[in-house]
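Novice: Handing you a structure now.
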Amino acid sequence: MFGTESSLSMFLNTLTPKFYVALTGTSSLISGLILIFEWWYFRKYGTSFIEQVSVSHLRPLLGGVDSSSPSSSNASNGEADSSRQSVSECKVWRNPLNLFRGAEYNRYTWVTGREPLTYYDMNLSAQDHQTFFTCDSDHLRPADAIMQKAWRERNPQARISAAHEALELEDCATAYILLAEEEATTIMEAERLFKQALKAGEGCYRRSQQLQHHSTQYEAQHRRDTNVLVYIKRRLAMCSRKLGRTREAVKMMRDLCVFQLMKEFPLLSMFNIHENLLESLLELQNYADVQAVLAKYDDISLPKSATICYTAALLKARAVSDKFSPEAASRRGLSTAEMNAVEAIHRAVEFNPHVPKYLLEMKSLILPPEHILKRGDSEAIAYAFFHLQHWKRVEGALNLLHCTWEGTFRMIPYPLEKGHLFYPYPICTETADRELLPMFHEVSVYPKKELPFFILFTAGLCSFTAMLALLTHQFPELMGVFAKAFLSTLFAPLNFIMEKVESILPSSLWHQLTRI
C-alpha cells in the first residue's frame with residue numbers, strides 16, 4: 001500500500017511544468033477543433049453532430065428499441081408520413097411580385113457586385129418558363145422550336161441570342177418575353193417589348209382558340225398560348241404599376257383575376273394575380289376594394305399567404321391604430337375593435353412570424369427572390385419589400401404591431417406540435433429558404449434553435465483548458481504545486497478506501513494479493 005503511494009508521489013514529483021503546459025495546451029487545441037466543427041455542423045444542418053451520432057448509432061448498440069418490433073415499425077411509418085407532410089408543406093411558389101431580371105436584379109448586381117438570385121431560384125424559374133411557354137407542338141413553328149431550347153439554356157447571353165434568332169424568323173411572343181425580362185435595362189424598355197409580345201401573343205391566341213377542339217395537340221397549344229397571353233398582360237400591369245400608372249394597372253389586374261378563377265386554366269392560379277391587385281389597391285388607398293378582394297380570397301378553402309393575412313390585419317389595425325395607446329389600453333382594457341385588430345395581427349404572425357421584424361425595420365431588407373416559401377423568410381422579405389410603405393402610410397399601424405406581435409408566441413404551444421389557428425409551423429422552412437436566398441443574407445429562423453449541449457460543453461472545456469495552459473506557462477512553479485495538490489486531493493478518497501481495506505483484511509492475505 002505504502003509502495004503505491006510512494007510511487008504515485010514519485011511520479012508527480014517527476015512531472016515538470018512543461019508537461020502541464022503541453023497537456024493543457026493540447027487539451028485546449030483538441031476541444032477548440034471539436035467546438036469549431038460542432039458549430040459549423042450546427043449552422044449548416046441545424047443539429048449537433050455528436051448528438052446525432054449518439055442517437056443514430058450508439059443508442060441501438062446500448063439497447064435501443066428493436067427496429068423489427070411493431071412499435072418501431074409504426075414509428076417509422078409515422079416518421080415517413082411526417083417527412084411527406086414536410087415536403088408538401090415546403091412547396092415553393094412563384095413570387096407574384098417578382099422583379100425584372102434585366103431592369104432590376106441585374107442593375108443591383110452592377111451597383112453592388114452581389115448576385116441577388118441563387119442558382120436554385122433561377123433553376124426553378126427555368127422550369128416554370130418551360131411549363132408556361134412550351135408545349136409538344138412547338139416543333140411545328142420554327143421560332144417556338146428555337147425558344148424551347150432557349151428556355152433550357154443556362155447561359156443568359158445564349159438565351160438572349162436565341163430570342164433574337166427566333167425574332168428573325170417571325171414575331172414570336174415568347175422571344176419578346178425573354179428579351180423584356182432579361183435584356184431590357186429599364187422598365188420602360190421592358191414595357192415596350194411586352195407590348196410587342198402582346199400583339200404577337202393575341203394573334204397566336206386567336207388562331208389556337210379556333211382550332212383547340214380539333215385535336216389534343218391543338219388543345220395543348222391553346223393552353224400554352226393562354227398562359228403566354230396572361231403572363232404578358234400581368235407583366236404589363238406590373239410595368240404600369242412601377243411607372244406610376246396605378247389605376248391602369250388595377251384595371252388590367254381585375255380583368256386577369258377573372259381568368260385566374262376559371263377552372264379550365266389551372267396553371268393560372270399559380271400566378272396569384274390577386275396579390276398584385278391587393279398591392280396596387282393599397283397604393284391607391286382604396287381600402288373598400290381591398291376588403292372586397294379579401295372577402296373573395298381570404299377563404300378557408302383557399303391557400304393563405306402573408307399578403308392575405310397581413311393585409312387583413314392592416315385593415316383592422318387601420319380602424320383603431322391612430323388612437324391606440326398601450327398605457328390607456330392597459331388601464332381600461334381593449335375595446336372590441338382593438339381586440340379584433342390584435343387578433344388579426346396574432347393570426348398573421350402565426351402564419352408567418354418573420355414578417356414583423358422587416359416591417360418594424362429590426363432586420364434589413366434585400367431584393368425578394370423569384371420564388372418564395374410560404375410561411376418562410378423568403379415570403380416575409382417579398383411581402384415587406386412591397387408592403388412596408390403601406391403600413392407606414394396608416395398612422396399608428398406599426399406602433400400597434402410593435403406592441404402586440406410578440407404576444408402571438410404565448411398562444412402557440414411549445415414545442416410546436418400543434419398550431420393555434422393554422423397547421424403547426426413546418427420544420428423544413430430554414431433549409432428551403434437557405435436555397436432561395438443569397439449567401440450574404442442572414443436567414444431568419446423560427447422557432448429559434450437553442451445551442452446544443454455539446455457546443456456549450458466544448459466551448460467551456462476549450463476556454464477552461466486554454467486558461468490553464470496560459471497560467472501554467474506564466475506561473476509554472478505555482479501551477480505545479482496546484483496540480484500536485486489537486487491530484488493528491490483527487491486520489492485521497494482512493495487512499496482512504498485502501499487504508500480501510502488494509503486494516504480489515506489480514507496482512508498475509510493482503511501480501512498475497514499485492515504479489516498477484
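If you're wondering about the labels, chains in the C-alpha cells are A, B, ... by order shown, residues count from 1 in each chain, ligands from 1 in order shown.
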Could you pull the residues within 8 Å of Asp298 (chain A), counting only C-alpha atoms, minus those fewer than 3 positions along the same chain, as a PyMOL selection string?
Specialist: chain A and resi 294-295+302+304+308-309
Novice: Would you put the residues from that selection into a file with all heavy atoms, as a CSV table (one decimal), in the first residue's frame?
Specialist:
chain,number,residue,atom,x,y,z
A,294,LEU,N,-60.3,40.8,-50.4
A,294,LEU,CA,-60.0,39.9,-49.3
A,294,LEU,C,-61.2,39.0,-49.0
A,294,LEU,O,-61.0,37.8,-48.7
A,294,LEU,CB,-59.6,40.6,-48.0
A,294,LEU,CG,-58.2,41.3,-47.9
A,294,LEU,CD1,-58.1,42.0,-46.7
A,294,LEU,CD2,-57.2,40.2,-48.0
A,295,ALA,N,-62.4,39.5,-49.1
A,295,ALA,CA,-63.6,38.7,-48.8
A,295,ALA,C,-63.7,37.5,-49.8
A,295,ALA,O,-64.2,36.5,-49.5
A,295,ALA,CB,-64.8,39.6,-48.9
A,302,LEU,N,-59.2,28.2,-49.6
A,302,LEU,CA,-58.2,28.7,-50.4
A,302,LEU,C,-56.9,28.8,-49.7
A,302,LEU,O,-56.9,29.1,-48.5
A,302,LEU,CB,-58.5,30.1,-51.0
A,302,LEU,CG,-59.7,30.1,-51.9
A,302,LEU,CD1,-60.1,31.5,-52.4
A,302,LEU,CD2,-59.5,29.2,-53.2
A,304,LYS,N,-53.6,30.2,-48.0
A,304,LYS,CA,-53.3,31.5,-47.4
A,304,LYS,C,-51.9,32.0,-47.8
A,304,LYS,O,-51.1,31.2,-48.4
A,304,LYS,CB,-53.3,31.4,-45.9
A,304,LYS,CG,-54.7,31.1,-45.3
A,304,LYS,CD,-55.7,32.2,-45.5
A,304,LYS,CE,-57.1,31.9,-45.0
A,304,LYS,NZ,-57.7,30.8,-45.8
A,308,ILE,N,-52.3,38.0,-47.8
A,308,ILE,CA,-53.7,37.9,-47.4
A,308,ILE,C,-53.8,38.2,-45.9
A,308,ILE,O,-54.6,39.0,-45.4
A,308,ILE,CB,-54.2,36.5,-47.7
A,308,ILE,CG1,-54.3,36.3,-49.2
A,308,ILE,CG2,-55.6,36.3,-47.0
A,308,ILE,CD1,-55.4,37.1,-49.9
A,309,CYS,N,-53.0,37.5,-45.1
A,309,CYS,CA,-53.1,37.6,-43.6
A,309,CYS,C,-52.7,39.0,-43.1
A,309,CYS,O,-53.4,39.6,-42.3
A,309,CYS,CB,-52.3,36.5,-42.9
A,309,CYS,SG,-52.8,34.8,-43.3
Novice: Would you list the contacts of Arg101 (chain A) as a PyMOL selection string, taking every protein, DNA or RNA residue within 12 Å and counting only C-alpha atoms, but skipping same-chain residues closer than 2 positions in sequence?
Specialist: chain A and resi 98-99+103-110+115-117+122+125+156+177-187+190+367-370
Novice: Residues near Met147 (chain A), anyone? I mean within 7 Å using only C-alpha atoms, not counting same-chain ones fewer than 6 positions away, as a list in words.
Specialist: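 Near Met147 (chain A), the qualifying residues are Ala162, Ala163, Ala166 and Ala175 of chain A.
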Novice: Dump C-alpha atoms for the selected residues as a PDB file, in the first residue's frame?
Specialist:
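Generated output (result.pdb):
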ATOM      1  CA  ALA A 162     -31.661  32.558 -79.286  1.00  0.00           C
ATOM      2  CA  ALA A 163     -34.535  35.022 -78.739  1.00  0.00           C
ATOM      3  CA  ALA A 166     -36.348  33.436 -83.234  1.00  0.00           C
ATOM      4  CA  ALA A 175     -38.960  35.685 -77.601  1.00  0.00           C
TER       5      ALA A 175
END
Novice: Kindly give the distance, in Å, that separates CA of Phe132 (chain A) and CA of Tyr231 (chain A), rounded to a single decimal.
Specialist: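 Between CA of Phe132 (chain A) and CA of Tyr231 (chain A) the gap works out to 8.7 Å.
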Novice: Pick out the residues sitting within 8 Å of region 382-398 of chain A, and hand them over as a list in words; count only C-alpha atoms, and ignore anything fewer than 4 positions along from it in its own chain.
Specialist: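 The filter keeps Asn95, Leu97, Glu279, Leu282, Glu283, Ala306, Thr307, Leu314, Ala317, Arg318, Ser321, Asp322, Lys323, Phe324, Val355, Tyr358, Leu359, Leu360, Leu365, Ile366, Leu367, Pro368, Pro369, Ile372, Ser378 and His402 of chain A.
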Novice: Keeping only N, CA and C atoms, write those residues as a PDB file, in the first residue's frame.
Specialist:
ATOM      1  N   ASN A  95     -43.061  33.901 -56.900  1.00  0.00           N
ATOM      2  CA  ASN A  95     -43.338  35.180 -56.262  1.00  0.00           C
ATOM      3  C   ASN A  95     -44.234  36.021 -57.179  1.00  0.00           C
ATOM      4  N   LEU A  97     -44.943  39.055 -57.169  1.00  0.00           N
ATOM      5  CA  LEU A  97     -44.422  40.396 -57.403  1.00  0.00           C
ATOM      6  C   LEU A  97     -42.946  40.367 -57.781  1.00  0.00           C
ATOM      7  N   GLU A 279     -51.890  44.834 -53.699  1.00  0.00           N
ATOM      8  CA  GLU A 279     -50.821  45.814 -53.511  1.00  0.00           C
ATOM      9  C   GLU A 279     -51.130  47.115 -54.245  1.00  0.00           C
ATOM     10  N   LEU A 282     -53.874  49.041 -52.408  1.00  0.00           N
ATOM     11  CA  LEU A 282     -53.333  49.687 -51.210  1.00  0.00           C
ATOM     12  C   LEU A 282     -52.573  50.956 -51.580  1.00  0.00           C
ATOM     13  N   GLU A 283     -51.897  50.934 -52.718  1.00  0.00           N
ATOM     14  CA  GLU A 283     -51.186  52.129 -53.160  1.00  0.00           C
ATOM     15  C   GLU A 283     -52.172  53.263 -53.447  1.00  0.00           C
ATOM     16  N   ALA A 306     -48.858  35.417 -46.782  1.00  0.00           N
ATOM     17  CA  ALA A 306     -48.566  36.558 -45.922  1.00  0.00           C
ATOM     18  C   ALA A 306     -49.317  37.791 -46.398  1.00  0.00           C
ATOM     19  N   THR A 307     -49.468  37.956 -47.706  1.00  0.00           N
ATOM     20  CA  THR A 307     -50.187  39.110 -48.238  1.00  0.00           C
ATOM     21  C   THR A 307     -51.624  39.118 -47.767  1.00  0.00           C
ATOM     22  N   LEU A 314     -53.811  44.679 -41.433  1.00  0.00           N
ATOM     23  CA  LEU A 314     -53.626  46.114 -41.652  1.00  0.00           C
ATOM     24  C   LEU A 314     -54.962  46.844 -41.699  1.00  0.00           C
ATOM     25  N   ALA A 317     -56.284  47.016 -38.200  1.00  0.00           N
ATOM     26  CA  ALA A 317     -55.473  47.937 -37.397  1.00  0.00           C
ATOM     27  C   ALA A 317     -55.755  49.384 -37.786  1.00  0.00           C
ATOM     28  N   ARG A 318     -56.071  49.616 -39.039  1.00  0.00           N
ATOM     29  CA  ARG A 318     -56.329  50.978 -39.511  1.00  0.00           C
ATOM     30  C   ARG A 318     -57.500  51.611 -38.782  1.00  0.00           C
ATOM     31  N   SER A 321     -55.711  52.177 -34.990  1.00  0.00           N
ATOM     32  CA  SER A 321     -54.293  52.434 -34.720  1.00  0.00           C
ATOM     33  C   SER A 321     -53.993  53.905 -34.448  1.00  0.00           C
ATOM     34  N   ASP A 322     -54.748  54.825 -35.046  1.00  0.00           N
ATOM     35  CA  ASP A 322     -54.426  56.241 -34.868  1.00  0.00           C
ATOM     36  C   ASP A 322     -54.656  56.722 -33.439  1.00  0.00           C
ATOM     37  N   LYS A 323     -55.535  56.044 -32.686  1.00  0.00           N
ATOM     38  CA  LYS A 323     -55.827  56.445 -31.307  1.00  0.00           C
ATOM     39  C   LYS A 323     -55.323  55.424 -30.287  1.00  0.00           C
ATOM     40  N   PHE A 324     -54.608  54.406 -30.752  1.00  0.00           N
ATOM     41  CA  PHE A 324     -54.203  53.337 -29.831  1.00  0.00           C
ATOM     42  C   PHE A 324     -53.048  53.789 -28.952  1.00  0.00           C
ATOM     43  N   VAL A 355     -42.273  38.197 -40.667  1.00  0.00           N
ATOM     44  CA  VAL A 355     -42.621  39.489 -41.272  1.00  0.00           C
ATOM     45  C   VAL A 355     -42.428  40.677 -40.329  1.00  0.00           C
ATOM     46  N   TYR A 358     -39.167  42.699 -40.310  1.00  0.00           N
ATOM     47  CA  TYR A 358     -38.895  43.504 -41.505  1.00  0.00           C
ATOM     48  C   TYR A 358     -39.773  44.755 -41.531  1.00  0.00           C
ATOM     49  N   LEU A 359     -41.044  44.612 -41.136  1.00  0.00           N
ATOM     50  CA  LEU A 359     -41.930  45.776 -41.116  1.00  0.00           C
ATOM     51  C   LEU A 359     -41.478  46.795 -40.077  1.00  0.00           C
ATOM     52  N   LEU A 360     -40.984  46.307 -38.929  1.00  0.00           N
ATOM     53  CA  LEU A 360     -40.517  47.202 -37.870  1.00  0.00           C
ATOM     54  C   LEU A 360     -39.071  47.629 -38.075  1.00  0.00           C
ATOM     55  N   LEU A 365     -33.786  44.647 -45.229  1.00  0.00           N
ATOM     56  CA  LEU A 365     -34.417  44.013 -46.380  1.00  0.00           C
ATOM     57  C   LEU A 365     -33.403  43.799 -47.502  1.00  0.00           C
ATOM     58  N   ILE A 366     -33.660  42.797 -48.321  1.00  0.00           N
ATOM     59  CA  ILE A 366     -32.909  42.581 -49.555  1.00  0.00           C
ATOM     60  C   ILE A 366     -33.911  42.460 -50.692  1.00  0.00           C
ATOM     61  N   LEU A 367     -33.431  42.373 -51.928  1.00  0.00           N
ATOM     62  CA  LEU A 367     -34.341  42.162 -53.047  1.00  0.00           C
ATOM     63  C   LEU A 367     -35.020  40.810 -52.897  1.00  0.00           C
ATOM     64  N   PRO A 368     -36.328  40.752 -53.113  1.00  0.00           N
ATOM     65  CA  PRO A 368     -37.033  39.469 -52.951  1.00  0.00           C
ATOM     66  C   PRO A 368     -36.639  38.480 -54.042  1.00  0.00           C
ATOM     67  N   PRO A 369     -36.656  37.191 -53.741  1.00  0.00           N
ATOM     68  CA  PRO A 369     -36.322  36.183 -54.771  1.00  0.00           C
ATOM     69  C   PRO A 369     -37.467  35.995 -55.750  1.00  0.00           C
ATOM     70  N   ILE A 372     -40.805  31.961 -53.590  1.00  0.00           N
ATOM     71  CA  ILE A 372     -40.938  32.116 -52.148  1.00  0.00           C
ATOM     72  C   ILE A 372     -41.453  30.830 -51.533  1.00  0.00           C
ATOM     73  N   SER A 378     -38.313  33.865 -46.976  1.00  0.00           N
ATOM     74  CA  SER A 378     -38.381  34.395 -48.344  1.00  0.00           C
ATOM     75  C   SER A 378     -39.718  35.083 -48.597  1.00  0.00           C
ATOM     76  N   HIS A 402     -45.966  46.731 -33.241  1.00  0.00           N
ATOM     77  CA  HIS A 402     -44.829  46.638 -32.324  1.00  0.00           C
ATOM     78  C   HIS A 402     -45.280  46.236 -30.919  1.00  0.00           C
TER      79      HIS A 402
END
